[in-house]
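Shown below: query-v7.cif, with mmCIF, C-alpha atoms and all ligand atoms; chains and numbers go by the auth columns.
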data_query
loop_
_atom_site.group_PDB
_atom_site.id
_atom_site.type_symbol
_atom_site.label_atom_id
_atom_site.label_comp_id
_atom_site.label_asym_id
_atom_site.label_seq_id
_atom_site.Cartn_x
_atom_site.Cartn_y
_atom_site.Cartn_z
_atom_site.B_iso_or_equiv
_atom_site.auth_seq_id
_atom_site.auth_asym_id
ATOM 1 C CA MET A 1 -43.787 48.604 3.371 0.00 1 A
ATOM 2 C CA GLU A 2 -42.736 45.647 5.498 0.00 2 A
ATOM 3 C CA LYS A 3 -45.548 44.334 7.661 0.00 3 A
ATOM 4 C CA LYS A 4 -44.912 44.874 11.369 0.00 4 A
ATOM 5 C CA ARG A 5 -44.031 41.678 13.210 0.00 5 A
ATOM 6 C CA ARG A 6 -46.674 41.006 15.840 0.00 6 A
ATOM 7 C CA ILE A 7 -46.020 38.459 18.559 0.00 7 A
ATOM 8 C CA LYS A 8 -48.861 35.956 18.800 0.00 8 A
ATOM 9 C CA THR A 9 -50.206 36.243 22.322 0.00 9 A
ATOM 10 C CA ALA A 10 -52.656 33.994 24.157 0.00 10 A
ATOM 11 C CA VAL A 11 -54.565 35.472 27.102 0.00 11 A
ATOM 12 C CA LEU A 12 -55.582 33.075 29.878 0.00 12 A
ATOM 13 C CA ILE A 13 -58.552 34.071 32.025 0.00 13 A
ATOM 14 C CA SER A 14 -60.940 32.695 34.647 0.00 14 A
ATOM 15 C CA GLY A 15 -63.513 35.444 35.119 0.00 15 A
ATOM 16 C CA GLY A 16 -64.788 38.858 34.104 0.00 16 A
ATOM 17 C CA GLY A 17 -61.876 39.681 31.860 0.00 17 A
ATOM 18 C CA THR A 18 -61.572 43.427 32.419 0.00 18 A
ATOM 19 C CA ASN A 19 -57.808 43.114 32.050 0.00 19 A
ATOM 20 C CA LEU A 20 -58.375 41.191 28.823 0.00 20 A
ATOM 21 C CA GLN A 21 -60.617 44.071 27.716 0.00 21 A
ATOM 22 C CA ALA A 22 -57.822 46.548 28.440 0.00 22 A
ATOM 23 C CA LEU A 23 -55.572 44.499 26.139 0.00 23 A
ATOM 24 C CA ILE A 24 -58.223 44.286 23.405 0.00 24 A
ATOM 25 C CA ASP A 25 -58.725 48.067 23.583 0.00 25 A
ATOM 26 C CA ALA A 26 -54.987 48.751 23.526 0.00 26 A
ATOM 27 C CA VAL A 27 -54.557 46.609 20.409 0.00 27 A
ATOM 28 C CA SER A 28 -57.380 48.450 18.623 0.00 28 A
ATOM 29 C CA SER A 29 -56.122 51.887 19.645 0.00 29 A
ATOM 30 C CA GLY A 30 -52.607 51.066 18.463 0.00 30 A
ATOM 31 C CA GLU A 31 -51.059 51.375 21.946 0.00 31 A
ATOM 32 C CA ILE A 32 -50.051 47.757 21.494 0.00 32 A
ATOM 33 C CA GLU A 33 -48.424 47.406 18.113 0.00 33 A
ATOM 34 C CA HIS A 34 -46.074 44.463 18.519 0.00 34 A
ATOM 35 C CA ALA A 35 -48.583 41.861 19.753 0.00 35 A
ATOM 36 C CA GLU A 36 -51.742 40.315 18.384 0.00 36 A
ATOM 37 C CA LEU A 37 -54.223 38.431 20.543 0.00 37 A
ATOM 38 C CA CYS A 38 -54.383 35.020 18.897 0.00 38 A
ATOM 39 C CA ALA A 39 -56.439 33.205 21.549 0.00 39 A
ATOM 40 C CA VAL A 40 -58.353 33.607 24.776 0.00 40 A
ATOM 41 C CA ILE A 41 -58.314 30.488 26.921 0.00 41 A
ATOM 42 C CA SER A 42 -60.500 30.117 29.998 0.00 42 A
ATOM 43 C CA ASP A 43 -60.472 27.446 32.674 0.00 43 A
ATOM 44 C CA ASN A 44 -64.124 28.285 33.347 0.00 44 A
ATOM 45 C CA LYS A 45 -66.692 27.927 30.594 0.00 45 A
ATOM 46 C CA ASP A 46 -68.938 30.623 32.114 0.00 46 A
ATOM 47 C CA ALA A 47 -66.255 33.327 32.298 0.00 47 A
ATOM 48 C CA TYR A 48 -67.567 36.621 30.896 0.00 48 A
ATOM 49 C CA GLY A 49 -64.135 37.192 29.395 0.00 49 A
ATOM 50 C CA LEU A 50 -65.078 34.600 26.752 0.00 50 A
ATOM 51 C CA VAL A 51 -67.916 36.873 25.617 0.00 51 A
ATOM 52 C CA ARG A 52 -65.465 39.770 25.377 0.00 52 A
ATOM 53 C CA ALA A 53 -63.210 37.583 23.202 0.00 53 A
ATOM 54 C CA GLU A 54 -66.119 36.641 20.955 0.00 54 A
ATOM 55 C CA LYS A 55 -67.134 40.296 20.530 0.00 55 A
ATOM 56 C CA ALA A 56 -63.561 41.164 19.583 0.00 56 A
ATOM 57 C CA GLY A 57 -63.372 38.258 17.112 0.00 57 A
ATOM 58 C CA ILE A 58 -60.604 36.447 18.987 0.00 58 A
ATOM 59 C CA PRO A 59 -60.663 32.620 18.884 0.00 59 A
ATOM 60 C CA ARG A 60 -61.694 31.321 22.300 0.00 60 A
ATOM 61 C CA TYR A 61 -61.176 28.041 24.075 0.00 61 A
ATOM 62 C CA THR A 62 -62.180 26.449 27.366 0.00 62 A
ATOM 63 C CA VAL A 63 -59.854 24.036 29.139 0.00 63 A
ATOM 64 C CA GLU A 64 -61.315 22.937 32.454 0.00 64 A
ATOM 65 C CA LYS A 65 -59.502 21.073 35.174 0.00 65 A
ATOM 66 C CA ARG A 66 -61.273 17.973 36.441 0.00 66 A
ATOM 67 C CA LYS A 67 -61.651 17.585 40.202 0.00 67 A
ATOM 68 C CA ALA A 68 -59.352 15.122 41.943 0.00 68 A
ATOM 69 C CA GLU A 69 -60.917 12.062 43.523 0.00 69 A
ATOM 70 C CA ARG A 70 -61.286 11.804 47.292 0.00 70 A
ATOM 71 C CA ASN A 71 -59.844 9.059 49.501 0.00 71 A
ATOM 72 C CA PRO A 72 -62.301 6.989 51.580 0.00 72 A
ATOM 73 C CA ASP A 73 -61.535 9.285 54.571 0.00 73 A
ATOM 74 C CA GLY A 74 -62.593 12.362 52.581 0.00 74 A
ATOM 75 C CA SER A 75 -59.118 13.806 52.001 0.00 75 A
ATOM 76 C CA VAL A 76 -58.018 14.703 48.459 0.00 76 A
ATOM 77 C CA ASN A 77 -56.225 11.902 46.651 0.00 77 A
ATOM 78 C CA THR A 78 -52.904 13.622 45.947 0.00 78 A
ATOM 79 C CA GLU A 79 -51.871 11.132 43.281 0.00 79 A
ATOM 80 C CA ASP A 80 -55.079 11.733 41.382 0.00 80 A
ATOM 81 C CA ARG A 81 -54.689 15.492 41.868 0.00 81 A
ATOM 82 C CA ALA A 82 -51.235 15.387 40.238 0.00 82 A
ATOM 83 C CA LEU A 83 -52.685 13.302 37.412 0.00 83 A
ATOM 84 C CA LYS A 84 -55.527 15.735 36.778 0.00 84 A
ATOM 85 C CA GLN A 85 -53.113 18.675 36.905 0.00 85 A
ATOM 86 C CA ALA A 86 -50.874 17.003 34.312 0.00 86 A
ATOM 87 C CA GLU A 87 -53.899 16.236 32.135 0.00 87 A
ATOM 88 C CA PHE A 88 -55.081 19.870 32.372 0.00 88 A
ATOM 89 C CA GLU A 89 -51.674 21.243 31.442 0.00 89 A
ATOM 90 C CA ARG A 90 -51.283 18.794 28.549 0.00 90 A
ATOM 91 C CA GLU A 91 -54.551 20.037 27.137 0.00 91 A
ATOM 92 C CA LEU A 92 -53.543 23.654 27.703 0.00 92 A
ATOM 93 C CA VAL A 93 -50.213 23.141 25.926 0.00 93 A
ATOM 94 C CA GLY A 94 -52.081 21.459 23.049 0.00 94 A
ATOM 95 C CA VAL A 95 -54.346 24.481 22.600 0.00 95 A
ATOM 96 C CA LEU A 96 -51.428 26.915 22.914 0.00 96 A
ATOM 97 C CA GLU A 97 -49.465 25.010 20.292 0.00 97 A
ATOM 98 C CA SER A 98 -52.422 24.790 17.930 0.00 98 A
ATOM 99 C CA THR A 99 -52.829 28.587 18.038 0.00 99 A
ATOM 100 C CA GLY A 100 -49.114 29.248 17.504 0.00 100 A
ATOM 101 C CA ALA A 101 -48.935 31.371 20.666 0.00 101 A
ATOM 102 C CA GLU A 102 -45.455 32.755 21.351 0.00 102 A
ATOM 103 C CA LEU A 103 -46.321 34.661 24.500 0.00 103 A
ATOM 104 C CA ILE A 104 -48.859 34.005 27.261 0.00 104 A
ATOM 105 C CA VAL A 105 -50.600 36.592 29.433 0.00 105 A
ATOM 106 C CA LEU A 106 -52.291 35.470 32.650 0.00 106 A
ATOM 107 C CA ALA A 107 -55.048 38.042 33.127 0.00 107 A
ATOM 108 C CA GLY A 108 -56.989 36.961 36.180 0.00 108 A
ATOM 109 C CA PHE A 109 -56.232 33.276 35.545 0.00 109 A
ATOM 110 C CA LEU A 110 -56.832 31.456 38.811 0.00 110 A
ATOM 111 C CA ALA A 111 -55.585 27.952 37.997 0.00 111 A
ATOM 112 C CA ILE A 112 -52.213 26.980 39.437 0.00 112 A
ATOM 113 C CA LEU A 113 -49.552 26.124 36.867 0.00 113 A
ATOM 114 C CA SER A 114 -46.863 23.600 37.735 0.00 114 A
ATOM 115 C CA GLU A 115 -43.131 24.001 37.347 0.00 115 A
ATOM 116 C CA ASP A 116 -43.312 21.601 34.367 0.00 116 A
ATOM 117 C CA PHE A 117 -45.549 24.092 32.629 0.00 117 A
ATOM 118 C CA THR A 118 -43.734 27.315 33.546 0.00 118 A
ATOM 119 C CA LYS A 119 -40.339 25.808 32.590 0.00 119 A
ATOM 120 C CA ARG A 120 -41.611 25.313 29.035 0.00 120 A
ATOM 121 C CA TYR A 121 -42.026 29.057 28.592 0.00 121 A
ATOM 122 C CA PRO A 122 -39.126 30.879 30.288 0.00 122 A
ATOM 123 C CA GLU A 123 -39.855 34.650 30.311 0.00 123 A
ATOM 124 C CA ARG A 124 -42.732 33.972 27.938 0.00 124 A
ATOM 125 C CA ILE A 125 -45.544 34.069 30.521 0.00 125 A
ATOM 126 C CA ILE A 126 -46.579 37.341 32.126 0.00 126 A
ATOM 127 C CA ASN A 127 -48.981 37.826 35.016 0.00 127 A
ATOM 128 C CA ILE A 128 -50.791 40.763 36.594 0.00 128 A
ATOM 129 C CA HIS A 129 -50.948 40.783 40.381 0.00 129 A
ATOM 130 C CA PRO A 130 -53.022 43.336 42.316 0.00 130 A
ATOM 131 C CA SER A 131 -50.407 44.490 44.843 0.00 131 A
ATOM 132 C CA LEU A 132 -46.888 45.885 44.900 0.00 132 A
ATOM 133 C CA ILE A 133 -44.835 42.675 44.969 0.00 133 A
ATOM 134 C CA PRO A 134 -43.246 41.550 47.309 0.00 134 A
ATOM 135 C CA SER A 135 -46.157 42.681 49.500 0.00 135 A
ATOM 136 C CA PHE A 136 -49.324 40.587 49.682 0.00 136 A
ATOM 137 C CA CYS A 137 -48.307 37.996 47.124 0.00 137 A
ATOM 138 C CA GLY A 138 -47.533 34.296 46.852 0.00 138 A
ATOM 139 C CA LYS A 139 -49.632 31.327 47.859 0.00 139 A
ATOM 140 C CA GLY A 140 -53.183 32.189 48.905 0.00 140 A
ATOM 141 C CA TYR A 141 -53.064 35.824 47.774 0.00 141 A
ATOM 142 C CA TYR A 142 -55.517 36.189 44.926 0.00 142 A
ATOM 143 C CA GLY A 143 -58.594 38.254 44.117 0.00 143 A
ATOM 144 C CA LEU A 144 -60.153 40.128 47.027 0.00 144 A
ATOM 145 C CA LYS A 145 -57.885 38.405 49.570 0.00 145 A
ATOM 146 C CA VAL A 146 -55.006 40.609 48.432 0.00 146 A
ATOM 147 C CA HIS A 147 -56.933 43.807 49.140 0.00 147 A
ATOM 148 C CA GLU A 148 -58.309 42.454 52.418 0.00 148 A
ATOM 149 C CA ALA A 149 -54.740 41.787 53.537 0.00 149 A
ATOM 150 C CA ALA A 150 -53.540 45.238 52.451 0.00 150 A
ATOM 151 C CA LEU A 151 -56.353 46.912 54.417 0.00 151 A
ATOM 152 C CA ALA A 152 -55.828 44.677 57.455 0.00 152 A
ATOM 153 C CA TYR A 153 -52.136 45.587 57.506 0.00 153 A
ATOM 154 C CA GLY A 154 -52.973 49.261 57.182 0.00 154 A
ATOM 155 C CA VAL A 155 -50.733 50.151 54.248 0.00 155 A
ATOM 156 C CA LYS A 156 -51.304 53.622 52.803 0.00 156 A
ATOM 157 C CA VAL A 157 -50.093 52.727 49.335 0.00 157 A
ATOM 158 C CA THR A 158 -50.760 49.566 47.349 0.00 158 A
ATOM 159 C CA GLY A 159 -50.838 48.989 43.594 0.00 159 A
ATOM 160 C CA ALA A 160 -50.291 46.397 40.907 0.00 160 A
ATOM 161 C CA THR A 161 -47.370 44.483 39.445 0.00 161 A
ATOM 162 C CA VAL A 162 -46.805 42.834 36.082 0.00 162 A
ATOM 163 C CA HIS A 163 -44.131 40.163 36.245 0.00 163 A
ATOM 164 C CA PHE A 164 -42.800 37.152 34.409 0.00 164 A
ATOM 165 C CA VAL A 165 -44.004 33.826 35.719 0.00 165 A
ATOM 166 C CA ASN A 166 -41.585 31.183 36.934 0.00 166 A
ATOM 167 C CA GLU A 167 -41.871 28.272 39.362 0.00 167 A
ATOM 168 C CA ILE A 168 -42.123 30.571 42.403 0.00 168 A
ATOM 169 C CA PRO A 169 -45.666 31.937 42.946 0.00 169 A
ATOM 170 C CA ASP A 170 -45.533 35.670 42.061 0.00 170 A
ATOM 171 C CA GLY A 171 -41.725 35.352 42.152 0.00 171 A
ATOM 172 C CA GLY A 172 -40.612 36.037 38.559 0.00 172 A
ATOM 173 C CA ARG A 173 -38.806 39.148 37.323 0.00 173 A
ATOM 174 C CA ILE A 174 -40.842 42.337 37.672 0.00 174 A
ATOM 175 C CA ILE A 175 -41.702 44.131 34.431 0.00 175 A
ATOM 176 C CA LEU A 176 -43.808 47.102 35.626 0.00 176 A
ATOM 177 C CA GLN A 177 -45.416 48.388 38.815 0.00 177 A
ATOM 178 C CA LYS A 178 -47.781 51.221 39.611 0.00 178 A
ATOM 179 C CA ALA A 179 -48.728 52.564 43.028 0.00 179 A
ATOM 180 C CA VAL A 180 -52.271 53.430 44.134 0.00 180 A
ATOM 181 C CA TYR A 181 -53.268 55.293 47.316 0.00 181 A
ATOM 182 C CA VAL A 182 -55.459 53.627 49.911 0.00 182 A
ATOM 183 C CA LYS A 183 -58.196 56.004 51.070 0.00 183 A
ATOM 184 C CA GLU A 184 -60.061 56.451 54.310 0.00 184 A
ATOM 185 C CA GLY A 185 -63.139 54.205 54.341 0.00 185 A
ATOM 186 C CA ASP A 186 -61.908 51.826 51.613 0.00 186 A
ATOM 187 C CA THR A 187 -63.474 48.379 51.573 0.00 187 A
ATOM 188 C CA PRO A 188 -61.680 45.509 49.791 0.00 188 A
ATOM 189 C CA GLU A 189 -64.146 45.916 46.898 0.00 189 A
ATOM 190 C CA ILE A 190 -63.586 49.672 46.552 0.00 190 A
ATOM 191 C CA LEU A 191 -59.829 49.255 46.735 0.00 191 A
ATOM 192 C CA GLN A 192 -59.885 46.397 44.214 0.00 192 A
ATOM 193 C CA ARG A 193 -61.749 48.598 41.742 0.00 193 A
ATOM 194 C CA ARG A 194 -59.351 51.547 42.203 0.00 194 A
ATOM 195 C CA VAL A 195 -56.305 49.289 41.772 0.00 195 A
ATOM 196 C CA MET A 196 -57.793 47.922 38.551 0.00 196 A
ATOM 197 C CA GLU A 197 -58.723 51.311 37.100 0.00 197 A
ATOM 198 C CA GLU A 198 -55.604 53.204 38.114 0.00 198 A
ATOM 199 C CA ALA A 199 -52.991 50.489 37.833 0.00 199 A
ATOM 200 C CA GLU A 200 -53.885 47.107 36.300 0.00 200 A
ATOM 201 C CA TRP A 201 -55.586 48.353 33.139 0.00 201 A
ATOM 202 C CA VAL A 202 -52.735 50.803 32.616 0.00 202 A
ATOM 203 C CA ILE A 203 -49.652 48.674 33.176 0.00 203 A
ATOM 204 C CA LEU A 204 -50.804 45.367 31.678 0.00 204 A
ATOM 205 C CA PRO A 205 -51.127 46.743 28.120 0.00 205 A
ATOM 206 C CA LYS A 206 -47.866 48.700 28.585 0.00 206 A
ATOM 207 C CA ALA A 207 -46.053 45.578 29.736 0.00 207 A
ATOM 208 C CA LEU A 208 -47.371 43.493 26.850 0.00 208 A
ATOM 209 C CA GLU A 209 -46.193 46.134 24.386 0.00 209 A
ATOM 210 C CA MET A 210 -42.759 46.286 26.079 0.00 210 A
ATOM 211 C CA VAL A 211 -42.242 42.519 26.103 0.00 211 A
ATOM 212 C CA SER A 212 -43.551 41.917 22.584 0.00 212 A
ATOM 213 C CA ALA A 213 -41.532 44.839 21.172 0.00 213 A
ATOM 214 C CA ASP A 214 -38.406 43.367 22.805 0.00 214 A
ATOM 215 C CA MET A 215 -39.160 39.946 21.331 0.00 215 A
ATOM 216 C CA ALA A 216 -39.700 41.406 17.858 0.00 216 A
ATOM 217 C CA LYS A 217 -36.508 43.491 18.132 0.00 217 A
ATOM 218 C CA SER A 218 -34.301 40.613 19.256 0.00 218 A
ATOM 219 C CA GLU A 219 -35.692 38.462 16.470 0.00 219 A
ATOM 220 C CA ALA A 220 -34.848 41.165 13.919 0.00 220 A
ATOM 221 C CA LEU A 221 -31.298 41.453 15.349 0.00 221 A
ATOM 222 C CA ASN A 222 -30.771 37.707 15.117 0.00 222 A
ATOM 223 C CA ARG A 223 -31.936 37.500 11.532 0.00 223 A
HETATM 224 C C1 LIG B . -57.530 41.214 38.781 0.00 1 B
HETATM 225 O O1 LIG B . -57.589 41.885 40.007 0.00 1 B
HETATM 226 C C2 LIG B . -56.163 40.626 38.612 0.00 1 B
HETATM 227 O O2 LIG B . -55.135 41.382 39.130 0.00 1 B
HETATM 228 C C3 LIG B . -56.299 39.355 39.383 0.00 1 B
HETATM 229 O O3 LIG B . -57.615 38.911 39.124 0.00 1 B
HETATM 230 C C4 LIG B . -58.443 39.998 38.767 0.00 1 B
HETATM 231 C C5 LIG B . -59.020 39.692 37.413 0.00 1 B
HETATM 232 O O4 LIG B . -59.965 40.582 36.966 0.00 1 B
HETATM 233 N N1 LIG B . -55.219 38.451 39.110 0.00 1 B
HETATM 234 P P1 LIG B . -60.480 40.520 35.461 0.00 1 B
HETATM 235 O O5 LIG B . -60.965 39.112 35.186 0.00 1 B
HETATM 236 O O6 LIG B . -59.371 40.922 34.542 0.00 1 B
HETATM 237 O O7 LIG B . -61.626 41.491 35.416 0.00 1 B
#
Go ahead and express the file in the form of structure tokens.
Amino acid sequence: MEKKRRIKTAVLISGGGTNLQALIDAVSSGEIEHAELCAVISDNKDAYGLVRAEKAGIPRYTVEKRKAERNPDGSVNTEDRALKQAEFERELVGVLESTGAELIVLAGFLAILSEDFTKRYPERIINIHPSLIPSFCGKGYYGLKVHEAALAYGVKVTGATVHFVNEIPDGGRIILQKAVYVKEGDTPEILQRRVMEEAEWVILPKALEMVSADMAKSEALNR
């Protein structure tokens, strides 16, 4: 029997890695059958997601961004910041290339990626965002801030979105969305947890399977 083509996928994380865990579990259960997790890359050496990767036997890497220097007046030196960003992305690309990654999943990855980086991988980077885009997304909306904003606005329904990443923050083509009800008495923390359990951990594995299956199919057609 011909071996199934699995798309080599690198998962980029910064923290706890519960979305990474959902992907690991979906690969072992067979829900994801067209992707293999070839690397977990963290921009934070203490991220618990790295432990999850180790337990699952996935090669893991840390690529940390160095802090930009300050000007004598205390403001950030923008030239140095651009330099450090370029250095960080060069290192990231080096690791990605060394692992043979064909697809990249941002699963709670907090570092900003420049247009230079995203242009290298058109429709090959996917991200999970904890709201229904275009609500509560874009610059400054990450982590708990998204849920704080949803509660402050008073929406009754929120959710999560998986989308391709391009040069516009949270602006790439939407792959999947799932709605979650806001409940009376929700705090940002409670809502964050419900959005993860009911939406993020469900649609991220689904989206990875959809995108990798499409990649495998179009490769087979072009053979
Ligand atoms: C999730 O809410 C995700 O949507 C956001 O960051 C959080 C990461 O959680 N981008 P985890 O590291 O996957 O547990």
Give, as lines of an AutoDock Vina configuration file, the centre coordinates and the x, y and z edge lengths in Å to one decimal for an axis-aligned box around all listed atoms of ligand LIG 1 (chain B), padded by 3 Å on each side.
center_x = -58.4
center_y = 40.2
center_z = 37.3
size_x = 12.5
size_y = 9.4
size_z = 11.5
Test item: the PyMOL selection byres (((not hetatm)) within 7 of (chain B and resi 1)) resolved as a list in words: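 Those residues are Ile13, Ser14, Gly15, Gly16, Gly17, Thr18, Asn19, Leu20, Gly49, Ala107, Gly108, Phe109, Ile128, His129, Pro130, Tyr142, Gly143, Gln192, Met196 and Glu200 of chain A.
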Point-to-point distance from atom CA of Glu102 of chain A to atom CA of Tyr121 of chain A, Å rounded to tenths: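 Answer for the atom CA of Glu102 of chain A to atom CA of Tyr121 of chain A separation: 8.8 Å.
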Among the residues A:Ser114, A:Gly154, A:Ser135, A:Ile24, the one that comes closest to Ala86 of chain A [using all atoms listed in the file]: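 Smallest distance to Ala86 of chain A is found for A:Ser114.
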Between atom CA of Arg6 of chain A and atom CA of Thr161 of chain A, distance in Å (one decimal):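 So the two atoms, atom CA of Arg6 of chain A and atom CA of Thr161 of chain A, lie 23.9 Å apart.
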Ground truth for the PyMOL selection byres (((chain A and resi 80) around 10) and not hetatm), written as a list in words: Lys67, Ala68, Glu69, Arg70, Asn71, Val76, Asn77, Thr78, Glu79, Arg81, Ala82, Leu83, Lys84, Gln85 and Ala86 of chain A
How would the residues just chosen look if you wrote them out with C-alpha atoms as an mmCIF file, in the coordinates of the input?
data_model
loop_
_atom_site.group_PDB
_atom_site.id
_atom_site.type_symbol
_atom_site.label_atom_id
_atom_site.label_comp_id
_atom_site.auth_asym_id
_atom_site.auth_seq_id
_atom_site.Cartn_x
_atom_site.Cartn_y
_atom_site.Cartn_z
ATOM 1 C CA LYS A 67 -61.651 17.585 40.202
ATOM 2 C CA ALA A 68 -59.352 15.122 41.943
ATOM 3 C CA GLU A 69 -60.917 12.062 43.523
ATOM 4 C CA ARG A 70 -61.286 11.804 47.292
ATOM 5 C CA ASN A 71 -59.844 9.059 49.501
ATOM 6 C CA VAL A 76 -58.018 14.703 48.459
ATOM 7 C CA ASN A 77 -56.225 11.902 46.651
ATOM 8 C CA THR A 78 -52.904 13.622 45.947
ATOM 9 C CA GLU A 79 -51.871 11.132 43.281
ATOM 10 C CA ARG A 81 -54.689 15.492 41.868
ATOM 11 C CA ALA A 82 -51.235 15.387 40.238
ATOM 12 C CA LEU A 83 -52.685 13.302 37.412
ATOM 13 C CA LYS A 84 -55.527 15.735 36.778
ATOM 14 C CA GLN A 85 -53.113 18.675 36.905
ATOM 15 C CA ALA A 86 -50.874 17.003 34.312
#
For atom CA of Lys178 of chain A and atom CA of Pro134 of chain A, the interatomic separation in Å (one decimal):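 If I compute the distance from atom CA of Lys178 of chain A to atom CA of Pro134 of chain A, I get 13.2 Å.
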Counting only C-alpha atoms, the residue of A:Leu132, A:Ile126, A:Val27, A:Val105 that sits nearest Val11 of chain A: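 Among the listed residues, the smallest separation from Val11 of chain A belongs to A:Val105.
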Nearby residues (all atoms listed in the file) at most 7 Å from Lys156 of chain A, same-chain spacing under 2 positions excluded, as a VMD selection string: chain A and resid 154 158 181 to 182
Hits of the PyMOL selection byres (((chain A and resi 30-35) around 7) and not hetatm) in this structure, as a list in words: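 So the PyMOL selection byres (((chain A and resi 30-35) around 7) and not hetatm) ends up selecting Arg5, Arg6, Ile7, Lys8, Thr9, Ala26, Val27, Ser28, Ser29, Glu36, Leu37, Pro205, Glu209, Ser212 and Ala213 of chain A.
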Pick from A:Val202, A:Pro169, A:Glu123, A:Leu151 nearest to Asp214 of chain A, counting only C-alpha atoms: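 Checking each candidate against Asp214 of chain A, we get A:Glu123 as the closest.
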Proximity to Lys55 of chain A - best of A:Gln21, A:Ser42, A:Lys206, A:Leu103, all atoms listed in the file: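 Closest residue, counting all atoms listed in the file: A:Gln21.
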For Trp201 of chain A, the nearest of the candidates A:Val162, A:Val40, A:Ile175, A:Ile58, counting all atoms listed in the file: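 Ranked by minimum distance to Trp201 of chain A, first place goes to A:Val162.
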Where atoms are absent from segment 41-46 of chain A, fill them in so it carries all heavy atoms, then output it as a tab-separated table (two decimals), keeping the file's coordinate frame.
chain	number	residue	atom	x	y	z
A	41	ILE	N	-58.06	31.82	26.37
A	41	ILE	CA	-58.31	30.49	26.92
A	41	ILE	C	-58.81	30.65	28.36
A	41	ILE	O	-58.18	31.34	29.16
A	41	ILE	CB	-57.03	29.63	26.91
A	41	ILE	CG1	-56.41	29.61	25.51
A	41	ILE	CG2	-57.32	28.20	27.40
A	41	ILE	CD1	-55.04	28.93	25.43
A	42	SER	N	-59.93	30.01	28.66
A	42	SER	CA	-60.50	30.12	30.00
A	42	SER	C	-60.55	28.74	30.65
A	42	SER	O	-60.78	27.74	29.98
A	42	SER	CB	-61.92	30.68	29.89
A	42	SER	OG	-62.53	30.66	31.16
A	43	ASP	N	-60.33	28.73	31.96
A	43	ASP	CA	-60.47	27.45	32.67
A	43	ASP	C	-61.88	27.35	33.28
A	43	ASP	O	-62.12	26.50	34.12
A	43	ASP	CB	-59.39	27.28	33.76
A	43	ASP	CG	-59.56	28.25	34.90
A	43	ASP	OD1	-60.20	29.31	34.70
A	43	ASP	OD2	-59.07	27.97	36.01
A	44	ASN	N	-62.76	28.25	32.82
A	44	ASN	CA	-64.12	28.28	33.35
A	44	ASN	C	-65.03	28.65	32.17
A	44	ASN	O	-64.92	29.74	31.61
A	44	ASN	CB	-64.14	29.34	34.47
A	44	ASN	CG	-65.53	29.85	34.78
A	44	ASN	OD1	-66.55	29.25	34.41
A	44	ASN	ND2	-65.59	30.99	35.44
A	45	LYS	N	-65.90	27.73	31.82
A	45	LYS	CA	-66.69	27.93	30.59
A	45	LYS	C	-67.66	29.10	30.70
A	45	LYS	O	-68.13	29.62	29.69
A	45	LYS	CB	-67.42	26.65	30.20
A	45	LYS	CG	-68.49	26.20	31.19
A	45	LYS	CD	-69.24	24.99	30.64
A	45	LYS	CE	-70.25	24.38	31.58
A	45	LYS	NZ	-70.75	25.11	32.73
A	46	ASP	N	-67.98	29.52	31.93
A	46	ASP	CA	-68.94	30.62	32.11
A	46	ASP	C	-68.27	31.99	32.26
A	46	ASP	O	-68.95	32.97	32.57
A	46	ASP	CB	-69.81	30.36	33.35
A	46	ASP	CG	-70.59	29.05	33.21
A	46	ASP	OD1	-71.07	28.81	32.10
A	46	ASP	OD2	-70.67	28.29	34.20
